[in-house]
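Report on one structure; see the data block that follows.
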Amino acid sequence: MSEILKTRQALTGNEAFAYAMKQINPDVVAAYPITPATEIVQIFSKYVADGEVDTEFVAVESEHSAMSACIGASAAGARVMTGTSSQGLALMHEMLYIASALRLPIVLAEVNRALSAPINIHCDHSDTMGSRDSGWIQIYCENANEGYHSLIQAVKIAETVNLPVMVTLDGFIISHGMEVVETLDTDAVRQYLGKRKPMYNVLDYENPIMVGPLDLPDYYFEHKRQQIEAMRKAKAVIEEVVTDYNKRFGFDFPVFAEAYRMEDAEYAILVMSSAAGTMKEAVDIMREKGKKVGLVRLKVFRPFPFEVLQELFKNVKAIGVMDRADSVNTMGGPVFNEVRSALYDLNSRPRIMNFVFGLGGRDFPLSDALYIINRVKELKEGKSLDFVEYVGVRE
Amino acid sequence: MKKKGWKELPEGGIIKNVPTSQELKTGSWRTQKPVWDPNKCTNCFLCWLYCPDSAIILREVNGEPKVSGINYDYCKGCGICAEVCPPKVKAIHMEKEEL
Ligand code: SF4
Ligand code: SF4
């Protein structure tokens, strides 16, 4: 490739996901619409109707069926994608585990939305956090541009390590917010991805295999152990794919986590997805006042990049971990619990606390971001604080 | 048979070299045994059609298929063949399985 064509387009998060899917041109898409991810499937089905993709589009009657159809098609060697959100992902739950254990590289465009009840259509991370142990790779993106490129990378990652990948964007905040996305030339995307080379093909009648048979106490554990090993290998694959993508197309995407003004930081905030934008602004304000605060935006949650976090946080004295979901376990959110566990072995273990925020789409204003930084500063100075705080909730 | 470790098994929980049911001799499950009488059999093939384990053996005799016995490696002794054999013929009856 002598010249890589990039185009600037104004796209919403959903449009960016759908456009990436069009360029990927998957063999099969089976999906069911759900707010706020509806447009992904809606726009994509228009590409199908207009003959702009070669995809076999399966309009199923539920998300459980959507993932089931994806599994069948992927086991037959097809490149398969789908999109969903919230209750839809929850309805796929049973099939998510089957997709990952059968080692099928399905790629799912996910839009983060709160789980019922009470019914809420706005952003939080309770949906994908509920799938965190399903054996899927999870990539949380800050904005539509990162979502678009991560979805393309996800196909490469998935098909290299033979594990499914979900790429997420924050519901409404990003899915319906318009921004400039630097899209690649369609030929470049297709050339980059090439053809899928499946690990097995259930339709290869010359080499018959059985997929998904009963696996009792004498073999199930061995198969799970293999899957865990694949997730361990996924770390090297993600690193390789993102690094190569950056080099090939001239980008600077972080691999596992983005470190923002962490150079000489004495205390730090860890956050995922779109709230990082507001947090960066707050960090800049505090830096101008001479406060040594930094930010880590965690991008890959599965596999959990604990080594990267240990390295990033080895010199800080206090950390505030932000969760847009609560584990309802009386000890905070899932990101907090895993980060805290990852840092337990550090020689100079930092003080650490959790801020649960933004549930059900609750706004996260700059004032809350500054409040959180000040709280972590107090923690660093030795003040004794509750280890979980709920920011933005009325008392 | 030594069981394979996780590094040796095919990934994704798939099983290669199917059909594996040939290796699983279900005949050891039997508590009752069908006994077939070639002199009574009219070759209606009802037993062959109904046997859930494909354990009724057919052979070609003068270009025609004929029942030629029961494959006790796989016959589980369910008794369906004896049940479906026409009452006027009664070419199969069940006996206690003696070891
Ligand atoms: S007893 Fe059952 S398994 Fe055995 S030959 Fe008869 S029908 Fe088949
Ligand atoms: S059902 Fe009875 S008569 Fe018919 S083929 Fe079988 S043994 Fe023979």
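As shown in the structure tokens, the chain order sets the letters A, B, ...; within each chain, residues go from 1, and ligands are also counted from 1 in the order they appear.
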
Using only C-alpha atoms, determine which residues of chain A fall within 12 Å of chain B; present them as an MDAnalysis selection string.
-> chainID A and resid 75 97:105 161:163 198:202 204:230

Determine which residues of region 44-152 of chain A DSSP labels as helix (DSSP H, G or I) from the backbone of this structure, then write them out as a ChimeraX atom specification.
-> /A:44-49,63-75,86-101,126-129,144-152

Could you save the residues just selected, with C-alpha atoms, as a PDB file, in the first residue's frame?
```pdb
ATOM      1  CA  PHE A  44     -26.528  -1.986   8.420  1.00  0.00           C
ATOM      2  CA  SER A  45     -29.721  -3.597   7.103  1.00  0.00           C
ATOM      3  CA  LYS A  46     -29.981  -0.705   4.651  1.00  0.00           C
ATOM      4  CA  TYR A  47     -26.464  -1.498   3.397  1.00  0.00           C
ATOM      5  CA  VAL A  48     -27.670  -5.073   2.901  1.00  0.00           C
ATOM      6  CA  ALA A  49     -30.849  -3.993   1.099  1.00  0.00           C
ATOM      7  CA  GLU A  63     -31.145 -11.536  21.057  1.00  0.00           C
ATOM      8  CA  HIS A  64     -30.891 -15.098  22.326  1.00  0.00           C
ATOM      9  CA  SER A  65     -31.614 -16.226  18.774  1.00  0.00           C
ATOM     10  CA  ALA A  66     -29.280 -13.571  17.371  1.00  0.00           C
ATOM     11  CA  MET A  67     -26.319 -14.953  19.286  1.00  0.00           C
ATOM     12  CA  SER A  68     -27.407 -18.538  18.539  1.00  0.00           C
ATOM     13  CA  ALA A  69     -27.438 -17.784  14.803  1.00  0.00           C
ATOM     14  CA  CYS A  70     -24.049 -16.077  15.116  1.00  0.00           C
ATOM     15  CA  ILE A  71     -22.651 -19.177  16.820  1.00  0.00           C
ATOM     16  CA  GLY A  72     -23.955 -21.516  14.116  1.00  0.00           C
ATOM     17  CA  ALA A  73     -22.630 -19.347  11.300  1.00  0.00           C
ATOM     18  CA  SER A  74     -19.267 -18.816  12.978  1.00  0.00           C
ATOM     19  CA  ALA A  75     -18.860 -22.558  13.586  1.00  0.00           C
ATOM     20  CA  SER A  86     -28.442  -3.733  27.817  1.00  0.00           C
ATOM     21  CA  GLN A  87     -31.404  -6.160  28.079  1.00  0.00           C
ATOM     22  CA  GLY A  88     -30.440  -7.528  24.679  1.00  0.00           C
ATOM     23  CA  LEU A  89     -26.981  -8.458  25.919  1.00  0.00           C
ATOM     24  CA  ALA A  90     -28.567  -9.895  29.061  1.00  0.00           C
ATOM     25  CA  LEU A  91     -30.817 -12.078  26.904  1.00  0.00           C
ATOM     26  CA  MET A  92     -27.723 -13.299  25.027  1.00  0.00           C
ATOM     27  CA  HIS A  93     -26.046 -14.229  28.309  1.00  0.00           C
ATOM     28  CA  GLU A  94     -26.419 -18.005  27.964  1.00  0.00           C
ATOM     29  CA  MET A  95     -25.144 -17.983  24.377  1.00  0.00           C
ATOM     30  CA  LEU A  96     -22.185 -15.657  25.136  1.00  0.00           C
ATOM     31  CA  TYR A  97     -20.563 -18.417  27.192  1.00  0.00           C
ATOM     32  CA  ILE A  98     -21.138 -20.929  24.408  1.00  0.00           C
ATOM     33  CA  ALA A  99     -19.618 -18.621  21.776  1.00  0.00           C
ATOM     34  CA  SER A 100     -16.443 -18.128  23.790  1.00  0.00           C
ATOM     35  CA  ALA A 101     -16.042 -21.749  24.895  1.00  0.00           C
ATOM     36  CA  SER A 126     -24.073  -2.677  34.202  1.00  0.00           C
ATOM     37  CA  ASP A 127     -24.867  -4.546  30.961  1.00  0.00           C
ATOM     38  CA  THR A 128     -21.342  -5.433  29.828  1.00  0.00           C
ATOM     39  CA  MET A 129     -20.088  -5.748  33.405  1.00  0.00           C
ATOM     40  CA  ALA A 144     -16.909   7.206  18.152  1.00  0.00           C
ATOM     41  CA  ASN A 145     -13.526   7.430  16.431  1.00  0.00           C
ATOM     42  CA  GLU A 146     -11.963   4.905  18.785  1.00  0.00           C
ATOM     43  CA  GLY A 147     -15.093   2.746  18.507  1.00  0.00           C
ATOM     44  CA  TYR A 148     -14.871   2.670  14.703  1.00  0.00           C
ATOM     45  CA  HIS A 149     -11.195   1.652  14.656  1.00  0.00           C
ATOM     46  CA  SER A 150     -11.520  -0.750  17.581  1.00  0.00           C
ATOM     47  CA  LEU A 151     -14.312  -2.617  15.805  1.00  0.00           C
ATOM     48  CA  ILE A 152     -12.056  -3.199  12.795  1.00  0.00           C
TER      49      ILE A 152
END
```

Selection as an MDAnalysis selection string: residues within 12 Å of ligand 1 by only C-alpha atoms and all ligand atoms = chainID B and resid 25:36 45:58 67:85 91:97

Mind the document's chain letters and residue numbers, and return as a PyMOL selection string the residues of region 182-368 of chain A that DSSP labels strand (DSSP E or B).
-> chain A and resi 182-184+210+257-260+267-272+293-298+300-302+318-323+351-357

Determine, counting only C-alpha atoms, which protein, DNA and RNA residues have an atom within 9 Å of an atom of region 299-312 of chain A; residues of the same chain fewer than 3 positions away are not included. Present the result as a PDB file with N, CA, C and O atoms, in the first residue's frame.
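File written: out-v4.pdb
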```pdb
ATOM      1  N   ARG A 132     -18.900  -9.889  32.201  1.00  0.00           N
ATOM      2  CA  ARG A 132     -17.442  -9.821  32.279  1.00  0.00           C
ATOM      3  C   ARG A 132     -16.787 -11.188  32.452  1.00  0.00           C
ATOM      4  O   ARG A 132     -15.617 -11.342  32.100  1.00  0.00           O
ATOM      5  N   ASP A 133     -17.519 -12.165  32.960  1.00  0.00           N
ATOM      6  CA  ASP A 133     -16.927 -13.502  33.120  1.00  0.00           C
ATOM      7  C   ASP A 133     -17.391 -14.486  32.050  1.00  0.00           C
ATOM      8  O   ASP A 133     -17.290 -15.696  32.229  1.00  0.00           O
ATOM      9  N   GLY A 135     -16.089 -14.899  29.127  1.00  0.00           N
ATOM     10  CA  GLY A 135     -15.009 -15.355  28.244  1.00  0.00           C
ATOM     11  C   GLY A 135     -14.865 -14.526  26.984  1.00  0.00           C
ATOM     12  O   GLY A 135     -14.159 -14.923  26.059  1.00  0.00           O
ATOM     13  N   TRP A 136     -15.532 -13.369  26.927  1.00  0.00           N
ATOM     14  CA  TRP A 136     -15.385 -12.469  25.789  1.00  0.00           C
ATOM     15  C   TRP A 136     -14.303 -11.437  26.096  1.00  0.00           C
ATOM     16  O   TRP A 136     -14.195 -10.957  27.236  1.00  0.00           O
ATOM     17  N   ILE A 137     -13.561 -11.052  25.084  1.00  0.00           N
ATOM     18  CA  ILE A 137     -12.672  -9.898  25.193  1.00  0.00           C
ATOM     19  C   ILE A 137     -13.571  -8.669  25.227  1.00  0.00           C
ATOM     20  O   ILE A 137     -14.563  -8.603  24.500  1.00  0.00           O
ATOM     21  N   GLN A 138     -13.269  -7.713  26.110  1.00  0.00           N
ATOM     22  CA  GLN A 138     -14.085  -6.493  26.206  1.00  0.00           C
ATOM     23  C   GLN A 138     -13.214  -5.257  26.014  1.00  0.00           C
ATOM     24  O   GLN A 138     -12.247  -5.061  26.744  1.00  0.00           O
ATOM     25  N   ILE A 139     -13.600  -4.425  25.035  1.00  0.00           N
ATOM     26  CA  ILE A 139     -12.859  -3.194  24.756  1.00  0.00           C
ATOM     27  C   ILE A 139     -13.811  -2.006  24.912  1.00  0.00           C
ATOM     28  O   ILE A 139     -14.812  -1.911  24.191  1.00  0.00           O
ATOM     29  N   TYR A 140     -13.533  -1.127  25.881  1.00  0.00           N
ATOM     30  CA  TYR A 140     -14.390   0.032  26.164  1.00  0.00           C
ATOM     31  C   TYR A 140     -13.765   1.266  25.520  1.00  0.00           C
ATOM     32  O   TYR A 140     -12.625   1.616  25.841  1.00  0.00           O
ATOM     33  N   CYS A 141     -14.529   1.922  24.622  1.00  0.00           N
ATOM     34  CA  CYS A 141     -13.964   3.040  23.871  1.00  0.00           C
ATOM     35  C   CYS A 141     -14.460   4.380  24.392  1.00  0.00           C
ATOM     36  O   CYS A 141     -15.580   4.501  24.873  1.00  0.00           O
ATOM     37  N   GLU A 142     -13.583   5.379  24.229  1.00  0.00           N
ATOM     38  CA  GLU A 142     -13.908   6.707  24.746  1.00  0.00           C
ATOM     39  C   GLU A 142     -14.865   7.462  23.824  1.00  0.00           C
ATOM     40  O   GLU A 142     -15.725   8.191  24.289  1.00  0.00           O
ATOM     41  N   MET A 231      -7.288 -16.683  26.678  1.00  0.00           N
ATOM     42  CA  MET A 231      -7.484 -15.309  27.142  1.00  0.00           C
ATOM     43  C   MET A 231      -6.140 -14.705  27.573  1.00  0.00           C
ATOM     44  O   MET A 231      -5.899 -13.519  27.394  1.00  0.00           O
ATOM     45  N   ARG A 232      -5.262 -15.540  28.127  1.00  0.00           N
ATOM     46  CA  ARG A 232      -3.920 -15.063  28.484  1.00  0.00           C
ATOM     47  C   ARG A 232      -3.159 -14.674  27.204  1.00  0.00           C
ATOM     48  O   ARG A 232      -2.536 -13.613  27.147  1.00  0.00           O
ATOM     49  N   ALA A 234      -4.451 -13.718  24.520  1.00  0.00           N
ATOM     50  CA  ALA A 234      -5.124 -12.571  23.891  1.00  0.00           C
ATOM     51  C   ALA A 234      -4.380 -11.270  24.193  1.00  0.00           C
ATOM     52  O   ALA A 234      -4.391 -10.343  23.388  1.00  0.00           O
ATOM     53  N   LYS A 235      -3.708 -11.219  25.340  1.00  0.00           N
ATOM     54  CA  LYS A 235      -2.974  -9.989  25.686  1.00  0.00           C
ATOM     55  C   LYS A 235      -1.894  -9.692  24.654  1.00  0.00           C
ATOM     56  O   LYS A 235      -1.777  -8.562  24.172  1.00  0.00           O
ATOM     57  N   PRO A 254      -4.191   3.823  22.250  1.00  0.00           N
ATOM     58  CA  PRO A 254      -3.587   3.054  23.345  1.00  0.00           C
ATOM     59  C   PRO A 254      -3.932   1.577  23.207  1.00  0.00           C
ATOM     60  O   PRO A 254      -4.967   1.240  22.616  1.00  0.00           O
ATOM     61  N   VAL A 255      -3.055   0.704  23.722  1.00  0.00           N
ATOM     62  CA  VAL A 255      -3.295  -0.736  23.606  1.00  0.00           C
ATOM     63  C   VAL A 255      -4.292  -1.186  24.675  1.00  0.00           C
ATOM     64  O   VAL A 255      -5.409  -1.592  24.374  1.00  0.00           O
ATOM     65  N   PHE A 256      -3.878  -1.114  25.941  1.00  0.00           N
ATOM     66  CA  PHE A 256      -4.746  -1.562  27.040  1.00  0.00           C
ATOM     67  C   PHE A 256      -5.327  -0.393  27.827  1.00  0.00           C
ATOM     68  O   PHE A 256      -6.430  -0.449  28.335  1.00  0.00           O
ATOM     69  N   ALA A 257      -4.517   0.658  27.988  1.00  0.00           N
ATOM     70  CA  ALA A 257      -4.937   1.783  28.813  1.00  0.00           C
ATOM     71  C   ALA A 257      -4.208   3.024  28.339  1.00  0.00           C
ATOM     72  O   ALA A 257      -3.075   2.955  27.857  1.00  0.00           O
ATOM     73  N   GLU A 258      -4.876   4.159  28.455  1.00  0.00           N
ATOM     74  CA  GLU A 258      -4.266   5.428  28.073  1.00  0.00           C
ATOM     75  C   GLU A 258      -3.788   6.140  29.348  1.00  0.00           C
ATOM     76  O   GLU A 258      -4.574   6.323  30.283  1.00  0.00           O
ATOM     77  N   ALA A 259      -2.515   6.511  29.368  1.00  0.00           N
ATOM     78  CA  ALA A 259      -1.995   7.248  30.522  1.00  0.00           C
ATOM     79  C   ALA A 259      -2.011   8.736  30.185  1.00  0.00           C
ATOM     80  O   ALA A 259      -1.408   9.157  29.195  1.00  0.00           O
ATOM     81  N   MET A 262       0.452  11.289  33.511  1.00  0.00           N
ATOM     82  CA  MET A 262       0.826  10.407  34.618  1.00  0.00           C
ATOM     83  C   MET A 262       2.314  10.521  34.971  1.00  0.00           C
ATOM     84  O   MET A 262       2.753   9.943  35.974  1.00  0.00           O
ATOM     85  N   VAL A 271     -10.523   5.631  35.042  1.00  0.00           N
ATOM     86  CA  VAL A 271     -11.887   5.708  34.529  1.00  0.00           C
ATOM     87  C   VAL A 271     -11.954   5.005  33.175  1.00  0.00           C
ATOM     88  O   VAL A 271     -10.928   4.812  32.515  1.00  0.00           O
ATOM     89  N   MET A 272     -13.154   4.605  32.778  1.00  0.00           N
ATOM     90  CA  MET A 272     -13.337   3.984  31.462  1.00  0.00           C
ATOM     91  C   MET A 272     -14.286   4.825  30.618  1.00  0.00           C
ATOM     92  O   MET A 272     -15.094   5.593  31.137  1.00  0.00           O
ATOM     93  N   SER A 273     -14.164   4.663  29.319  1.00  0.00           N
ATOM     94  CA  SER A 273     -15.127   5.184  28.335  1.00  0.00           C
ATOM     95  C   SER A 273     -15.256   6.697  28.321  1.00  0.00           C
ATOM     96  O   SER A 273     -14.309   7.408  28.627  1.00  0.00           O
ATOM     97  N   VAL A 296      -5.675   7.534  34.272  1.00  0.00           N
ATOM     98  CA  VAL A 296      -5.517   6.336  33.452  1.00  0.00           C
ATOM     99  C   VAL A 296      -6.895   5.973  32.921  1.00  0.00           C
ATOM    100  O   VAL A 296      -7.827   5.812  33.693  1.00  0.00           O
ATOM    101  N   ASN A 315       4.183   4.195  41.267  1.00  0.00           N
ATOM    102  CA  ASN A 315       4.726   5.321  42.035  1.00  0.00           C
ATOM    103  C   ASN A 315       3.685   6.267  42.628  1.00  0.00           C
ATOM    104  O   ASN A 315       4.033   7.281  43.212  1.00  0.00           O
ATOM    105  N   VAL A 316       2.392   5.963  42.427  1.00  0.00           N
ATOM    106  CA  VAL A 316       1.390   6.893  42.980  1.00  0.00           C
ATOM    107  C   VAL A 316       1.015   6.499  44.413  1.00  0.00           C
ATOM    108  O   VAL A 316       1.132   5.346  44.807  1.00  0.00           O
ATOM    109  N   VAL A 335     -14.842  -2.616  38.466  1.00  0.00           N
ATOM    110  CA  VAL A 335     -13.518  -2.120  38.061  1.00  0.00           C
ATOM    111  C   VAL A 335     -12.665  -1.904  39.312  1.00  0.00           C
ATOM    112  O   VAL A 335     -11.500  -2.305  39.377  1.00  0.00           O
ATOM    113  N   GLU A 338     -11.330  -5.164  40.865  1.00  0.00           N
ATOM    114  CA  GLU A 338     -10.249  -5.810  40.110  1.00  0.00           C
ATOM    115  C   GLU A 338      -8.965  -4.980  40.141  1.00  0.00           C
ATOM    116  O   GLU A 338      -7.873  -5.528  40.228  1.00  0.00           O
ATOM    117  N   VAL A 339      -9.116  -3.661  40.097  1.00  0.00           N
ATOM    118  CA  VAL A 339      -7.917  -2.813  40.154  1.00  0.00           C
ATOM    119  C   VAL A 339      -7.260  -2.965  41.525  1.00  0.00           C
ATOM    120  O   VAL A 339      -6.051  -3.115  41.646  1.00  0.00           O
ATOM    121  N   SER A 341      -7.401  -5.447  43.548  1.00  0.00           N
ATOM    122  CA  SER A 341      -6.759  -6.763  43.620  1.00  0.00           C
ATOM    123  C   SER A 341      -5.437  -6.769  42.844  1.00  0.00           C
ATOM    124  O   SER A 341      -4.436  -7.325  43.313  1.00  0.00           O
ATOM    125  N   ALA A 342      -5.427  -6.113  41.672  1.00  0.00           N
ATOM    126  CA  ALA A 342      -4.209  -6.074  40.849  1.00  0.00           C
ATOM    127  C   ALA A 342      -3.066  -5.358  41.557  1.00  0.00           C
ATOM    128  O   ALA A 342      -1.901  -5.684  41.365  1.00  0.00           O
ATOM    129  N   LEU A 343      -3.405  -4.364  42.394  1.00  0.00           N
ATOM    130  CA  LEU A 343      -2.355  -3.554  43.024  1.00  0.00           C
ATOM    131  C   LEU A 343      -1.932  -4.073  44.396  1.00  0.00           C
ATOM    132  O   LEU A 343      -1.016  -3.544  45.018  1.00  0.00           O
ATOM    133  N   ASP A 345      -0.258  -6.566  45.266  1.00  0.00           N
ATOM    134  CA  ASP A 345       1.113  -7.085  45.340  1.00  0.00           C
ATOM    135  C   ASP A 345       2.201  -6.038  45.147  1.00  0.00           C
ATOM    136  O   ASP A 345       3.389  -6.374  45.194  1.00  0.00           O
ATOM    137  N   LEU A 346       1.803  -4.786  44.900  1.00  0.00           N
ATOM    138  CA  LEU A 346       2.830  -3.741  44.753  1.00  0.00           C
ATOM    139  C   LEU A 346       3.562  -3.541  46.082  1.00  0.00           C
ATOM    140  O   LEU A 346       2.952  -3.586  47.148  1.00  0.00           O
TER     141      LEU A 346
END
```

Among listed residues B:Glu23, B:Met1, B:Pro86, B:Pro65, nearest ligand 2 (using only C-alpha atoms and all ligand atoms) | B:Pro86

Find the residues near region 114-122 of chain A: any atom within 12 Å, counting only C-alpha atoms, skip ones fewer than 3 places away on the same chain, and give them as a PyMOL selection string.
-> chain A and resi 34-38+85-91+111+125-130+169-176+324-326+358-363

Fewer than 3 positions away in the same chain doesn't count, so skip those; otherwise give me all residues within 12 Å of Asp244 (chain A), counting only C-alpha atoms, as a PDB file with N, CA and C atoms, in the first residue's frame.
```
ATOM      1  N   GLN A 153     -10.250  -3.478  14.399  1.00  0.00           N
ATOM      2  CA  GLN A 153      -9.171  -4.223  15.076  1.00  0.00           C
ATOM      3  C   GLN A 153      -9.727  -5.485  15.738  1.00  0.00           C
ATOM      4  N   LYS A 156      -9.682  -8.606  13.708  1.00  0.00           N
ATOM      5  CA  LYS A 156      -8.331  -9.171  13.630  1.00  0.00           C
ATOM      6  C   LYS A 156      -7.971  -9.898  14.930  1.00  0.00           C
ATOM      7  N   ILE A 157      -8.233  -9.246  16.037  1.00  0.00           N
ATOM      8  CA  ILE A 157      -7.918  -9.838  17.348  1.00  0.00           C
ATOM      9  C   ILE A 157      -8.688 -11.148  17.519  1.00  0.00           C
ATOM     10  N   TYR A 192      -6.663  -5.313   4.785  1.00  0.00           N
ATOM     11  CA  TYR A 192      -6.079  -5.515   6.112  1.00  0.00           C
ATOM     12  C   TYR A 192      -6.638  -6.777   6.771  1.00  0.00           C
ATOM     13  N   VAL A 237      -1.789 -10.822  21.643  1.00  0.00           N
ATOM     14  CA  VAL A 237      -2.442 -10.585  20.345  1.00  0.00           C
ATOM     15  C   VAL A 237      -2.970  -9.148  20.257  1.00  0.00           C
ATOM     16  N   ILE A 238      -3.615  -8.683  21.326  1.00  0.00           N
ATOM     17  CA  ILE A 238      -4.153  -7.318  21.330  1.00  0.00           C
ATOM     18  C   ILE A 238      -3.009  -6.319  21.142  1.00  0.00           C
ATOM     19  N   GLU A 239      -1.939  -6.536  21.862  1.00  0.00           N
ATOM     20  CA  GLU A 239      -0.773  -5.655  21.770  1.00  0.00           C
ATOM     21  C   GLU A 239      -0.242  -5.606  20.335  1.00  0.00           C
ATOM     22  N   GLU A 240      -0.104  -6.796  19.758  1.00  0.00           N
ATOM     23  CA  GLU A 240       0.427  -6.912  18.399  1.00  0.00           C
ATOM     24  C   GLU A 240      -0.501  -6.234  17.376  1.00  0.00           C
ATOM     25  N   VAL A 241      -1.803  -6.518  17.492  1.00  0.00           N
ATOM     26  CA  VAL A 241      -2.765  -5.987  16.505  1.00  0.00           C
ATOM     27  C   VAL A 241      -2.850  -4.463  16.588  1.00  0.00           C
ATOM     28  N   LYS A 247       0.768   1.577  13.337  1.00  0.00           N
ATOM     29  CA  LYS A 247       1.893   1.781  12.435  1.00  0.00           C
ATOM     30  C   LYS A 247       1.425   1.814  10.981  1.00  0.00           C
ATOM     31  N   ARG A 248       0.578   0.869  10.654  1.00  0.00           N
ATOM     32  CA  ARG A 248       0.100   0.714   9.298  1.00  0.00           C
ATOM     33  C   ARG A 248      -0.731   1.920   8.831  1.00  0.00           C
ATOM     34  N   PHE A 249      -1.606   2.420   9.716  1.00  0.00           N
ATOM     35  CA  PHE A 249      -2.542   3.468   9.298  1.00  0.00           C
ATOM     36  C   PHE A 249      -2.244   4.840   9.911  1.00  0.00           C
ATOM     37  N   GLY A 250      -1.160   4.918  10.675  1.00  0.00           N
ATOM     38  CA  GLY A 250      -0.773   6.208  11.226  1.00  0.00           C
ATOM     39  C   GLY A 250      -1.667   6.718  12.341  1.00  0.00           C
ATOM     40  N   PHE A 251      -1.881   5.867  13.352  1.00  0.00           N
ATOM     41  CA  PHE A 251      -2.660   6.304  14.520  1.00  0.00           C
ATOM     42  C   PHE A 251      -1.843   6.122  15.789  1.00  0.00           C
ATOM     43  N   ASP A 252      -2.486   6.494  16.890  1.00  0.00           N
ATOM     44  CA  ASP A 252      -1.795   6.487  18.167  1.00  0.00           C
ATOM     45  C   ASP A 252      -2.725   5.926  19.252  1.00  0.00           C
ATOM     46  N   PHE A 253      -3.487   4.887  18.903  1.00  0.00           N
ATOM     47  CA  PHE A 253      -4.447   4.353  19.884  1.00  0.00           C
ATOM     48  C   PHE A 253      -3.730   3.623  21.013  1.00  0.00           C
ATOM     49  N   PRO A 254      -4.191   3.823  22.250  1.00  0.00           N
ATOM     50  CA  PRO A 254      -3.587   3.054  23.345  1.00  0.00           C
ATOM     51  C   PRO A 254      -3.932   1.577  23.207  1.00  0.00           C
ATOM     52  N   VAL A 255      -3.055   0.704  23.722  1.00  0.00           N
ATOM     53  CA  VAL A 255      -3.295  -0.736  23.606  1.00  0.00           C
ATOM     54  C   VAL A 255      -4.292  -1.186  24.675  1.00  0.00           C
TER      55      VAL A 255
END
```
